[in-house]
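Chemist: Input file: entry12.pdb. Contents: PDB, C-alpha atoms.
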```
MODEL        1
ATOM      1  CA  MET A   1     -12.720 -84.571-252.821
ATOM      2  CA  LYS A   2     -16.130 -83.906-251.333
ATOM      3  CA  LYS A   3     -16.608 -82.209-248.020
ATOM      4  CA  LEU A   4     -19.543 -82.546-245.632
ATOM      5  CA  VAL A   5     -20.472 -79.142-244.203
ATOM      6  CA  ILE A   6     -22.568 -79.147-241.016
ATOM      7  CA  TYR A   7     -24.397 -75.942-240.088
ATOM      8  CA  LYS A   8     -24.635 -76.687-236.383
ATOM      9  CA  ASN A   9     -26.863 -73.779-235.490
ATOM     10  CA  ARG A  10     -29.631 -75.048-237.771
ATOM     11  CA  CYS A  11     -29.709 -78.453-236.053
ATOM     12  CA  LYS A  12     -32.647 -79.297-233.765
ATOM     13  CA  ALA A  13     -31.216 -82.657-232.696
ATOM     14  CA  CYS A  14     -34.155 -84.709-233.992
ATOM     15  CA  GLY A  15     -31.768 -87.591-234.735
ATOM     16  CA  PHE A  16     -33.373 -88.656-238.036
ATOM     17  CA  CYS A  17     -30.049 -88.330-239.901
ATOM     18  CA  ILE A  18     -28.341 -90.495-237.274
ATOM     19  CA  ASP A  19     -31.037 -93.136-237.771
ATOM     20  CA  GLN A  20     -30.810 -93.027-241.586
ATOM     21  CA  CYS A  21     -27.001 -92.795-242.025
ATOM     22  CA  PRO A  22     -25.969 -96.046-243.761
ATOM     23  CA  LYS A  23     -22.496 -95.997-242.184
ATOM     24  CA  ASP A  24     -23.462 -94.851-238.665
ATOM     25  CA  ALA A  25     -21.066 -91.941-239.090
ATOM     26  CA  LEU A  26     -23.291 -89.374-237.363
ATOM     27  CA  SER A  27     -23.906 -88.859-233.656
ATOM     28  CA  PHE A  28     -25.019 -86.160-231.228
ATOM     29  CA  GLY A  29     -22.139 -83.828-230.340
ATOM     30  CA  GLU A  30     -20.915 -82.806-226.927
ATOM     31  CA  GLU A  31     -21.512 -79.089-227.482
ATOM     32  CA  PHE A  32     -24.827 -77.284-227.588
ATOM     33  CA  ASN A  33     -25.620 -74.879-230.404
ATOM     34  CA  ASP A  34     -27.101 -71.368-230.095
ATOM     35  CA  SER A  35     -30.619 -72.799-229.785
ATOM     36  CA  GLY A  36     -29.605 -75.186-227.011
ATOM     37  CA  TYR A  37     -29.624 -78.414-229.017
ATOM     38  CA  ALA A  38     -26.818 -80.987-228.974
ATOM     39  CA  ALA A  39     -26.012 -80.574-232.671
ATOM     40  CA  VAL A  40     -25.044 -83.568-234.752
ATOM     41  CA  VAL A  41     -21.388 -84.306-235.593
ATOM     42  CA  SER A  42     -19.852 -86.519-238.264
ATOM     43  CA  ASP A  43     -17.039 -89.055-237.965
ATOM     44  CA  GLU A  44     -14.815 -88.257-240.964
ATOM     45  CA  ASN A  45     -13.321 -91.761-240.929
ATOM     46  CA  LEU A  46     -16.704 -93.449-241.379
ATOM     47  CA  CYS A  47     -18.459 -90.944-243.659
ATOM     48  CA  ILE A  48     -18.594 -91.974-247.353
ATOM     49  CA  LYS A  49     -20.187 -88.643-248.482
ATOM     50  CA  CYS A  50     -23.266 -90.383-249.866
ATOM     51  CA  GLY A  51     -25.558 -87.414-249.165
ATOM     52  CA  THR A  52     -28.269 -89.342-247.299
ATOM     53  CA  CYS A  53     -28.121 -86.872-244.396
ATOM     54  CA  TYR A  54     -28.542 -83.988-246.855
ATOM     55  CA  ARG A  55     -31.647 -85.638-248.311
ATOM     56  CA  VAL A  56     -33.356 -86.538-245.030
ATOM     57  CA  CYS A  57     -32.577 -83.491-242.851
ATOM     58  CA  PRO A  58     -35.729 -81.378-242.253
ATOM     59  CA  ASP A  59     -33.673 -78.344-241.264
ATOM     60  CA  SER A  60     -31.051 -78.131-244.040
ATOM     61  CA  VAL A  61     -28.156 -78.764-241.651
ATOM     62  CA  PHE A  62     -25.992 -80.579-244.200
ATOM     63  CA  GLU A  63     -24.339 -79.610-247.444
ATOM     64  CA  LEU A  64     -22.016 -81.738-249.550
ATOM     65  CA  ILE A  65     -19.641 -79.646-251.634
ATOM     66  CA  GLU A  66     -16.674 -80.256-253.885
ATOM     67  CA  GLU A  67     -13.436 -78.887-252.480
TER
ATOM     68  CA  MET B   1     -18.430 -85.179-260.992
ATOM     69  CA  ALA B   2     -21.764 -85.021-259.282
ATOM     70  CA  LYS B   3     -23.060 -81.565-258.542
ATOM     71  CA  ASN B   4     -22.769 -80.043-255.094
ATOM     72  CA  LEU B   5     -25.609 -80.773-252.684
ATOM     73  CA  VAL B   6     -26.413 -77.367-251.225
ATOM     74  CA  THR B   7     -29.380 -75.783-249.470
ATOM     75  CA  PRO B   8     -31.822 -74.419-252.078
ATOM     76  CA  LYS B   9     -31.654 -70.635-252.447
ATOM     77  CA  LEU B  10     -35.400 -70.371-251.807
ATOM     78  CA  ILE B  11     -35.091 -71.931-248.347
ATOM     79  CA  SER B  12     -34.562 -69.573-245.420
ATOM     80  CA  GLU B  13     -31.728 -70.447-243.080
ATOM     81  CA  PHE B  14     -33.862 -71.077-240.025
ATOM     82  CA  ASN B  15     -37.415 -72.376-239.774
ATOM     83  CA  ARG B  16     -39.936 -72.367-236.943
ATOM     84  CA  PHE B  17     -40.958 -76.002-237.099
ATOM     85  CA  CYS B  18     -40.543 -78.396-234.170
ATOM     86  CA  PRO B  19     -37.578 -80.802-234.148
ATOM     87  CA  GLY B  20     -38.213 -83.664-236.561
ATOM     88  CA  CYS B  21     -41.215 -82.018-238.241
ATOM     89  CA  GLY B  22     -41.784 -83.176-241.814
ATOM     90  CA  HIS B  23     -42.778 -79.700-243.037
ATOM     91  CA  GLY B  24     -39.144 -78.559-243.269
ATOM     92  CA  LEU B  25     -38.268 -81.579-245.371
ATOM     93  CA  ILE B  26     -41.207 -81.109-247.740
ATOM     94  CA  ALA B  27     -40.437 -77.376-248.072
ATOM     95  CA  LYS B  28     -36.864 -78.209-249.029
ATOM     96  CA  MET B  29     -38.019 -80.679-251.678
ATOM     97  CA  ILE B  30     -40.502 -78.186-253.169
ATOM     98  CA  ALA B  31     -37.722 -75.568-253.349
ATOM     99  CA  GLN B  32     -35.394 -78.063-255.022
ATOM    100  CA  VAL B  33     -38.046 -79.036-257.570
ATOM    101  CA  LEU B  34     -38.788 -75.382-258.400
ATOM    102  CA  GLU B  35     -35.099 -74.508-258.759
ATOM    103  CA  GLU B  36     -34.308 -77.594-260.852
ATOM    104  CA  ARG B  37     -36.988 -76.486-263.317
ATOM    105  CA  GLY B  38     -35.887 -72.822-263.197
ATOM    106  CA  VAL B  39     -39.360 -71.559-262.255
ATOM    107  CA  GLU B  40     -38.655 -70.269-258.737
ATOM    108  CA  ASP B  41     -39.282 -66.653-259.790
ATOM    109  CA  ASP B  42     -42.660 -67.549-261.271
ATOM    110  CA  ALA B  43     -43.866 -69.590-258.301
ATOM    111  CA  ILE B  44     -46.830 -68.441-256.227
ATOM    112  CA  GLN B  45     -47.633 -70.468-253.144
ATOM    113  CA  VAL B  46     -51.058 -70.405-251.558
ATOM    114  CA  TYR B  47     -51.500 -71.567-248.008
ATOM    115  CA  ALA B  48     -54.195 -71.238-245.393
ATOM    116  CA  VAL B  49     -53.965 -72.085-241.685
ATOM    117  CA  GLY B  50     -52.143 -74.405-239.332
ATOM    118  CA  CYS B  51     -48.454 -75.231-239.197
ATOM    119  CA  SER B  52     -48.442 -75.255-242.995
ATOM    120  CA  CYS B  53     -48.810 -71.469-242.969
ATOM    121  CA  PHE B  54     -45.203 -71.233-241.779
ATOM    122  CA  ILE B  55     -44.308 -72.225-245.347
ATOM    123  CA  SER B  56     -44.251 -68.521-246.230
ATOM    124  CA  THR B  57     -41.365 -68.006-243.820
ATOM    125  CA  VAL B  58     -39.481 -71.087-245.060
ATOM    126  CA  ILE B  59     -39.854 -70.902-248.856
ATOM    127  CA  LYS B  60     -39.002 -67.392-250.012
ATOM    128  CA  ALA B  61     -41.325 -67.449-253.011
ATOM    129  CA  ASP B  62     -44.327 -65.197-253.628
ATOM    130  CA  SER B  63     -47.070 -66.154-251.195
ATOM    131  CA  ILE B  64     -50.705 -65.486-250.570
ATOM    132  CA  GLN B  65     -52.613 -66.582-247.492
ATOM    133  CA  ALA B  66     -56.181 -67.743-247.891
ATOM    134  CA  GLN B  67     -58.904 -67.985-245.284
ATOM    135  CA  HIS B  68     -59.194 -71.219-243.342
ATOM    136  CA  GLY B  69     -59.099 -74.096-245.834
ATOM    137  CA  ARG B  70     -59.720 -71.891-248.857
ATOM    138  CA  ALA B  71     -56.288 -72.231-250.472
ATOM    139  CA  PRO B  72     -57.525 -74.252-253.505
ATOM    140  CA  ALA B  73     -60.170 -71.604-254.243
ATOM    141  CA  VAL B  74     -57.642 -68.766-253.987
ATOM    142  CA  ALA B  75     -55.159 -70.751-256.097
ATOM    143  CA  SER B  76     -57.848 -71.132-258.762
ATOM    144  CA  GLY B  77     -58.217 -67.351-258.800
ATOM    145  CA  VAL B  78     -54.465 -66.835-258.984
ATOM    146  CA  ARG B  79     -54.344 -69.276-261.907
ATOM    147  CA  ARG B  80     -56.934 -67.248-263.819
ATOM    148  CA  ALA B  81     -55.247 -63.921-263.055
ATOM    149  CA  ARG B  82     -51.722 -65.169-263.774
ATOM    150  CA  PRO B  83     -51.848 -67.922-266.405
ATOM    151  CA  ASP B  84     -48.050 -67.854-266.670
ATOM    152  CA  ALA B  85     -47.358 -68.442-262.959
ATOM    153  CA  VAL B  86     -46.532 -71.743-261.268
ATOM    154  CA  VAL B  87     -49.281 -72.006-258.655
ATOM    155  CA  TYR B  88     -49.340 -74.501-255.838
ATOM    156  CA  THR B  89     -51.248 -74.963-252.609
ATOM    157  CA  TYR B  90     -49.618 -76.166-249.438
ATOM    158  CA  GLN B  91     -52.011 -77.479-246.822
ATOM    159  CA  GLY B  92     -52.164 -79.766-243.824
ATOM    160  CA  ASP B  93     -54.835 -82.347-243.128
ATOM    161  CA  GLY B  94     -56.925 -80.268-240.747
ATOM    162  CA  ASP B  95     -56.817 -77.530-243.365
ATOM    163  CA  ALA B  96     -57.491 -79.371-246.642
ATOM    164  CA  ALA B  97     -59.481 -82.375-245.367
ATOM    165  CA  ALA B  98     -61.601 -80.807-242.616
ATOM    166  CA  ILE B  99     -62.081 -77.038-242.849
ATOM    167  CA  GLY B 100     -61.538 -76.752-246.584
ATOM    168  CA  LEU B 101     -62.848 -80.089-247.851
ATOM    169  CA  SER B 102     -65.346 -78.432-250.164
ATOM    170  CA  GLU B 103     -62.695 -76.222-251.783
ATOM    171  CA  SER B 104     -60.292 -79.155-252.160
ATOM    172  CA  LEU B 105     -62.910 -81.263-253.930
ATOM    173  CA  TYR B 106     -64.203 -78.500-256.186
ATOM    174  CA  ALA B 107     -60.693 -77.485-257.297
ATOM    175  CA  ALA B 108     -60.119 -81.130-258.252
ATOM    176  CA  TYR B 109     -63.581 -81.350-259.843
ATOM    177  CA  ARG B 110     -62.757 -78.390-262.089
ATOM    178  CA  ASN B 111     -59.341 -79.941-262.819
ATOM    179  CA  GLU B 112     -57.607 -76.623-262.126
ATOM    180  CA  ASN B 113     -54.110 -76.554-263.579
ATOM    181  CA  THR B 114     -52.450 -76.235-260.168
ATOM    182  CA  THR B 115     -50.384 -78.435-257.889
ATOM    183  CA  ALA B 116     -51.649 -79.411-254.442
ATOM    184  CA  ILE B 117     -49.268 -80.527-251.714
ATOM    185  CA  PHE B 118     -51.242 -82.134-248.882
ATOM    186  CA  VAL B 119     -49.333 -82.892-245.682
ATOM    187  CA  ASN B 120     -51.068 -85.589-243.649
ATOM    188  CA  ASN B 121     -49.860 -85.927-240.060
ATOM    189  CA  GLY B 122     -53.128 -87.108-238.551
ATOM    190  CA  VAL B 123     -53.692 -84.231-236.104
ATOM    191  CA  PHE B 124     -54.400 -80.504-235.943
ATOM    192  CA  GLY B 125     -50.772 -79.625-235.184
ATOM    193  CA  MET B 126     -50.691 -75.908-234.481
ATOM    194  CA  THR B 127     -53.733 -75.771-232.219
ATOM    195  CA  GLY B 128     -52.459 -78.461-229.860
ATOM    196  CA  GLY B 129     -52.945 -81.877-231.437
ATOM    197  CA  GLN B 130     -56.727 -82.225-231.645
ATOM    198  CA  MET B 131     -58.300 -85.079-233.590
ATOM    199  CA  ALA B 132     -58.482 -84.535-237.349
ATOM    200  CA  PRO B 133     -60.534 -86.537-239.887
ATOM    201  CA  THR B 134     -57.286 -88.307-240.781
ATOM    202  CA  THR B 135     -56.508 -89.466-237.219
ATOM    203  CA  LEU B 136     -55.975 -93.228-237.042
ATOM    204  CA  GLU B 137     -58.362 -95.559-235.243
ATOM    205  CA  GLY B 138     -57.393 -95.745-231.572
ATOM    206  CA  GLN B 139     -54.936 -92.842-231.829
ATOM    207  CA  LYS B 140     -54.861 -90.692-228.702
ATOM    208  CA  THR B 141     -55.142 -86.959-229.299
ATOM    209  CA  ALA B 142     -56.140 -83.918-227.228
ATOM    210  CA  THR B 143     -59.805 -84.485-228.145
ATOM    211  CA  SER B 144     -59.764 -88.292-228.205
ATOM    212  CA  ILE B 145     -57.985 -89.037-224.969
ATOM    213  CA  TYR B 146     -58.989 -92.719-224.926
ATOM    214  CA  GLY B 147     -58.107 -93.180-228.589
ATOM    215  CA  ARG B 148     -60.237 -92.394-231.644
ATOM    216  CA  ASN B 149     -63.544 -94.255-231.520
ATOM    217  CA  THR B 150     -64.421 -94.914-235.168
ATOM    218  CA  GLU B 151     -67.996 -95.900-234.288
ATOM    219  CA  LEU B 152     -68.616 -92.368-233.068
ATOM    220  CA  THR B 153     -66.332 -90.333-235.336
ATOM    221  CA  GLY B 154     -66.027 -92.340-238.553
ATOM    222  CA  GLN B 155     -63.088 -93.985-240.257
ATOM    223  CA  PRO B 156     -59.810 -92.193-241.072
ATOM    224  CA  PHE B 157     -60.509 -89.894-243.997
ATOM    225  CA  LYS B 158     -58.725 -90.675-247.258
ATOM    226  CA  LEU B 159     -58.708 -87.481-249.285
ATOM    227  CA  ALA B 160     -56.354 -88.815-251.975
ATOM    228  CA  GLU B 161     -58.761 -91.657-252.825
ATOM    229  CA  LEU B 162     -61.605 -89.153-253.069
ATOM    230  CA  ILE B 163     -59.636 -86.780-255.324
ATOM    231  CA  ALA B 164     -58.660 -89.737-257.532
ATOM    232  CA  GLN B 165     -62.361 -90.160-258.426
ATOM    233  CA  MET B 166     -62.330 -86.717-260.046
ATOM    234  CA  PRO B 167     -61.145 -85.968-263.605
ATOM    235  CA  VAL B 168     -57.671 -84.904-262.400
ATOM    236  CA  ALA B 169     -54.213 -85.439-263.889
ATOM    237  CA  TYR B 170     -52.299 -87.087-261.100
ATOM    238  CA  VAL B 171     -52.765 -88.322-257.528
ATOM    239  CA  GLU B 172     -50.080 -90.003-255.460
ATOM    240  CA  ARG B 173     -49.630 -90.782-251.778
ATOM    241  CA  CYS B 174     -46.057 -90.683-250.476
ATOM    242  CA  SER B 175     -44.332 -90.934-247.117
ATOM    243  CA  LEU B 176     -41.302 -89.449-245.359
ATOM    244  CA  ALA B 177     -40.567 -92.636-243.389
ATOM    245  CA  ASN B 178     -37.060 -93.258-244.721
ATOM    246  CA  ALA B 179     -34.485 -92.020-247.238
ATOM    247  CA  LYS B 180     -35.872 -94.183-250.056
ATOM    248  CA  LEU B 181     -39.452 -93.012-249.577
ATOM    249  CA  ILE B 182     -38.251 -89.393-249.277
ATOM    250  CA  ALA B 183     -36.584 -89.750-252.699
ATOM    251  CA  GLN B 184     -39.872 -91.128-254.070
ATOM    252  CA  THR B 185     -41.712 -88.167-252.516
ATOM    253  CA  LYS B 186     -39.411 -85.758-254.316
ATOM    254  CA  ARG B 187     -40.074 -87.525-257.622
ATOM    255  CA  ALA B 188     -43.826 -87.255-256.994
ATOM    256  CA  ILE B 189     -43.582 -83.517-256.222
ATOM    257  CA  GLY B 190     -41.498 -83.102-259.387
ATOM    258  CA  LYS B 191     -44.088 -84.917-261.471
ATOM    259  CA  ALA B 192     -46.897 -82.826-259.979
ATOM    260  CA  PHE B 193     -45.105 -79.630-261.046
ATOM    261  CA  ASP B 194     -44.187 -81.073-264.461
ATOM    262  CA  ASN B 195     -47.873 -81.810-265.066
ATOM    263  CA  GLN B 196     -48.723 -78.199-264.283
ATOM    264  CA  LEU B 197     -45.970 -76.857-266.565
ATOM    265  CA  ALA B 198     -47.276 -79.136-269.348
ATOM    266  CA  GLY B 199     -50.838 -77.910-268.718
ATOM    267  CA  LYS B 200     -52.193 -81.350-267.847
ATOM    268  CA  GLY B 201     -54.374 -80.220-264.950
ATOM    269  CA  TYR B 202     -54.745 -80.797-261.242
ATOM    270  CA  SER B 203     -52.013 -82.794-259.524
ATOM    271  CA  PHE B 204     -52.389 -83.845-255.912
ATOM    272  CA  VAL B 205     -49.615 -85.253-253.741
ATOM    273  CA  GLU B 206     -50.487 -86.488-250.254
ATOM    274  CA  ILE B 207     -47.438 -86.814-248.025
ATOM    275  CA  LEU B 208     -47.565 -88.821-244.790
ATOM    276  CA  SER B 209     -45.550 -86.761-242.341
ATOM    277  CA  PRO B 210     -44.767 -87.122-238.630
ATOM    278  CA  CYS B 211     -45.819 -84.716-235.875
ATOM    279  CA  PRO B 212     -43.496 -85.789-233.025
ATOM    280  CA  THR B 213     -44.733 -83.023-230.714
ATOM    281  CA  ASN B 214     -48.422 -83.940-230.878
ATOM    282  CA  TRP B 215     -47.869 -87.670-231.236
ATOM    283  CA  HIS B 216     -45.849 -87.341-228.002
ATOM    284  CA  MET B 217     -43.021 -89.340-229.516
ATOM    285  CA  ASP B 218     -39.312 -89.163-230.061
ATOM    286  CA  PRO B 219     -38.785 -87.885-233.664
ATOM    287  CA  VAL B 220     -37.032 -91.075-234.798
ATOM    288  CA  LYS B 221     -39.851 -93.214-233.345
ATOM    289  CA  ALA B 222     -42.383 -90.968-235.090
ATOM    290  CA  TYR B 223     -40.708 -91.635-238.454
ATOM    291  CA  LYS B 224     -40.731 -95.378-237.616
ATOM    292  CA  LYS B 225     -44.458 -95.140-236.821
ATOM    293  CA  LEU B 226     -45.047 -93.686-240.285
ATOM    294  CA  GLU B 227     -43.559 -96.822-241.779
ATOM    295  CA  GLU B 228     -45.077 -99.403-239.458
ATOM    296  CA  VAL B 229     -48.487 -98.021-238.478
ATOM    297  CA  VAL B 230     -49.588 -95.083-240.645
ATOM    298  CA  ALA B 231     -48.671 -96.712-243.986
ATOM    299  CA  GLU B 232     -50.844 -99.724-243.043
ATOM    300  CA  GLU B 233     -53.926 -97.489-243.019
ATOM    301  CA  TYR B 234     -52.877 -95.082-245.776
ATOM    302  CA  LYS B 235     -51.544 -97.187-248.647
ATOM    303  CA  LEU B 236     -48.722 -95.571-250.598
ATOM    304  CA  GLY B 237     -48.589 -95.361-254.357
ATOM    305  CA  VAL B 238     -49.958 -93.687-257.474
ATOM    306  CA  LEU B 239     -53.743 -93.541-257.245
ATOM    307  CA  LYS B 240     -54.297 -91.804-260.551
ATOM    308  CA  ASP B 241     -52.131 -90.881-263.501
ATOM    309  CA  SER B 242     -54.104 -89.678-266.498
ATOM    310  CA  LYS B 243     -51.207 -90.434-268.836
ATOM    311  CA  GLU B 244     -51.201 -94.077-267.767
ATOM    312  CA  ASP B 245     -54.993 -94.243-267.860
ATOM    313  CA  SER B 246     -55.067 -93.213-271.515
ATOM    314  CA  LYS B 247     -52.726 -95.999-272.610
TER
ENDMDL
END
```
Will you turn the file into structure tokens for me?

Modeler:
Amino acid sequence: MKKLVIYKNRCKACGFCIDQCPKDALSFGEEFNDSGYAAVVSDENLCIKCGTCYRVCPDSVFELIEE
Amino acid sequence: MAKNLVTPKLISEFNRFCPGCGHGLIAKMIAQVLEERGVEDDAIQVYAVGCSCFISTVIKADSIQAQHGRAPAVASGVRRARPDAVVYTYQGDGDAAAIGLSESLYAAYRNENTTAIFVNNGVFGMTGGQMAPTTLEGQKTATSIYGRNTELTGQPFKLAELIAQMPVAYVERCSLANAKLIAQTKRAIGKAFDNQLAGKGYSFVEILSPCPTNWHMDPVKAYKKLEEVVAEEYKLGVLKDSKEDSK
């Protein structure tokens, strides 16, 4: 089973991952991170662990690891 | 099972780029390419000025900073001093196409066995978004407030086409506009480094990248502009591949 890890403090809320996600599983979160950005959050029910967010993120927010 | 998708070891946890900047993405892909080939300890990156000089704080490989625009010349020297190293230059458009045009062309002319990564975002990013040679016709910048007038300042400058006229190994223009084109960009960077490892000569990859801050756009709209506007002027694709030419 793969797990999507989100390093919230690296996120700058550019929204490119939200735009590129094929399943619309990503959105801006309610909480701000240490830098003051509304870091992205993932909907576990929609996410298919395809890794698109990992490939397009400019700030290395995402990792997809085997549990 | 597929391997884990983790942040490359060479990449530092935090970078100093603006939200949505393409530099972080390109840095990550370079680090991945170096690590996949197991040459990260032999890599020497040469950079000059502009936002691209932050690369030394993002990719934790050996670095050397050249004077304004002189990265290809310094990389040529590094290549002669360290024939075993993996040498690449990392430059923006104001750096490689304006200030250091002469060095860029002569490194290609000599077919130096190095890899050049050229990030084209159409403006001088770090200094406040002034017009660069690569600025599009009609594009508003800090020094072309009514839009670039091509009658006065010339047409957008296409460095990749110019380099492709030289006896080099490989020239390709890529874009970061969407996930598919980003995957193609990574393949192009990989090929540019493979050419160097095989001793084939100078490989040049131009990457169309957004500058949301100086384009005064939302990052997502800036990536859309890459696809809809910038790629119309700067055509994507392989401009030169010496292996294909020889067939």

Chemist: Using all atoms listed in the file, determine which residues of chain A fall within 9 Å of chain B; present them as number ranges by chain.

Modeler: A: 2, 9-16, 19-20, 51-66

Chemist: Identify which of the residues A:Lys3, A:Lys8, A:Cys50, A:Glu67 lies closest to A:Ser35, counting all atoms listed in the file when measuring atom-to-atom distances.

Modeler: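 Comparing A:Lys3, A:Lys8, A:Cys50, A:Glu67 against A:Ser35, the winner is A:Lys8.
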
Chemist: Given the file shown, enumerate the residues that the PyMOL selection byres ((chain B and resi 197) around 12) captures and present them as an mmCIF file with C-alpha atoms, in the coordinates of the input.

Modeler:
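Full text of part21.cif as output:
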```cif
data_model
loop_
_atom_site.group_PDB
_atom_site.id
_atom_site.type_symbol
_atom_site.label_atom_id
_atom_site.label_comp_id
_atom_site.auth_asym_id
_atom_site.auth_seq_id
_atom_site.Cartn_x
_atom_site.Cartn_y
_atom_site.Cartn_z
ATOM 1 C CA LEU B 34 -38.788 -75.382 -258.400
ATOM 2 C CA ARG B 37 -36.988 -76.486 -263.317
ATOM 3 C CA GLY B 38 -35.887 -72.822 -263.197
ATOM 4 C CA VAL B 39 -39.360 -71.559 -262.255
ATOM 5 C CA ASP B 42 -42.660 -67.549 -261.271
ATOM 6 C CA ALA B 43 -43.866 -69.590 -258.301
ATOM 7 C CA PRO B 83 -51.848 -67.922 -266.405
ATOM 8 C CA ASP B 84 -48.050 -67.854 -266.670
ATOM 9 C CA ALA B 85 -47.358 -68.442 -262.959
ATOM 10 C CA VAL B 86 -46.532 -71.743 -261.268
ATOM 11 C CA VAL B 87 -49.281 -72.006 -258.655
ATOM 12 C CA TYR B 88 -49.340 -74.501 -255.838
ATOM 13 C CA ASN B 113 -54.110 -76.554 -263.579
ATOM 14 C CA THR B 114 -52.450 -76.235 -260.168
ATOM 15 C CA THR B 115 -50.384 -78.435 -257.889
ATOM 16 C CA GLY B 190 -41.498 -83.102 -259.387
ATOM 17 C CA LYS B 191 -44.088 -84.917 -261.471
ATOM 18 C CA ALA B 192 -46.897 -82.826 -259.979
ATOM 19 C CA PHE B 193 -45.105 -79.630 -261.046
ATOM 20 C CA ASP B 194 -44.187 -81.073 -264.461
ATOM 21 C CA ASN B 195 -47.873 -81.810 -265.066
ATOM 22 C CA GLN B 196 -48.723 -78.199 -264.283
ATOM 23 C CA ALA B 198 -47.276 -79.136 -269.348
ATOM 24 C CA GLY B 199 -50.838 -77.910 -268.718
ATOM 25 C CA LYS B 200 -52.193 -81.350 -267.847
ATOM 26 C CA GLY B 201 -54.374 -80.220 -264.950
ATOM 27 C CA TYR B 202 -54.745 -80.797 -261.242
ATOM 28 C CA SER B 203 -52.013 -82.794 -259.524
#
```

Chemist: Let me know the residues the PyMOL selection byres ((chain A and resi 44) around 12) catches in the file above, as a PDB file with C-alpha atoms, in the coordinates of the input.

Modeler:
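Written output follows (out-v2.pdb):
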```
ATOM      1  CA  LYS A   2     -16.130 -83.906-251.333  1.00  0.00           C
ATOM      2  CA  LYS A   3     -16.608 -82.209-248.020  1.00  0.00           C
ATOM      3  CA  LEU A   4     -19.543 -82.546-245.632  1.00  0.00           C
ATOM      4  CA  VAL A   5     -20.472 -79.142-244.203  1.00  0.00           C
ATOM      5  CA  ILE A   6     -22.568 -79.147-241.016  1.00  0.00           C
ATOM      6  CA  LYS A  23     -22.496 -95.997-242.184  1.00  0.00           C
ATOM      7  CA  ASP A  24     -23.462 -94.851-238.665  1.00  0.00           C
ATOM      8  CA  ALA A  25     -21.066 -91.941-239.090  1.00  0.00           C
ATOM      9  CA  LEU A  26     -23.291 -89.374-237.363  1.00  0.00           C
ATOM     10  CA  SER A  27     -23.906 -88.859-233.656  1.00  0.00           C
ATOM     11  CA  VAL A  41     -21.388 -84.306-235.593  1.00  0.00           C
ATOM     12  CA  SER A  42     -19.852 -86.519-238.264  1.00  0.00           C
ATOM     13  CA  ASP A  43     -17.039 -89.055-237.965  1.00  0.00           C
ATOM     14  CA  ASN A  45     -13.321 -91.761-240.929  1.00  0.00           C
ATOM     15  CA  LEU A  46     -16.704 -93.449-241.379  1.00  0.00           C
ATOM     16  CA  CYS A  47     -18.459 -90.944-243.659  1.00  0.00           C
ATOM     17  CA  ILE A  48     -18.594 -91.974-247.353  1.00  0.00           C
ATOM     18  CA  LYS A  49     -20.187 -88.643-248.482  1.00  0.00           C
TER      19      LYS A  49
END
```

Chemist: Under the rule that all atoms listed in the file are counted, which of B:Leu10, B:Ala71, B:Met217, B:Met131 is the nearest residue to B:Leu101?

Modeler: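 Closest to B:Leu101 of all the choices is B:Ala71.
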
Chemist: Return as JSON the centre and edge lengths, in Å with one decimal, of the box along x, y and z that encloses every atom of stretch 43-49 of chain B in the file, padded by 6 Å per side.

Modeler:
```
{"center_x": -49.0, "center_y": -70.3, "center_z": -250.0, "size_x": 22.3, "size_y": 15.6, "size_z": 28.6}
```

Chemist: Between B:Ala97, B:Ile55, B:Leu208, B:Val49, which has the minimum distance to B:Glu233 (counting all atoms listed in the file)?

Modeler: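 Counting all atoms listed in the file, the residue closest to B:Glu233 is B:Leu208.
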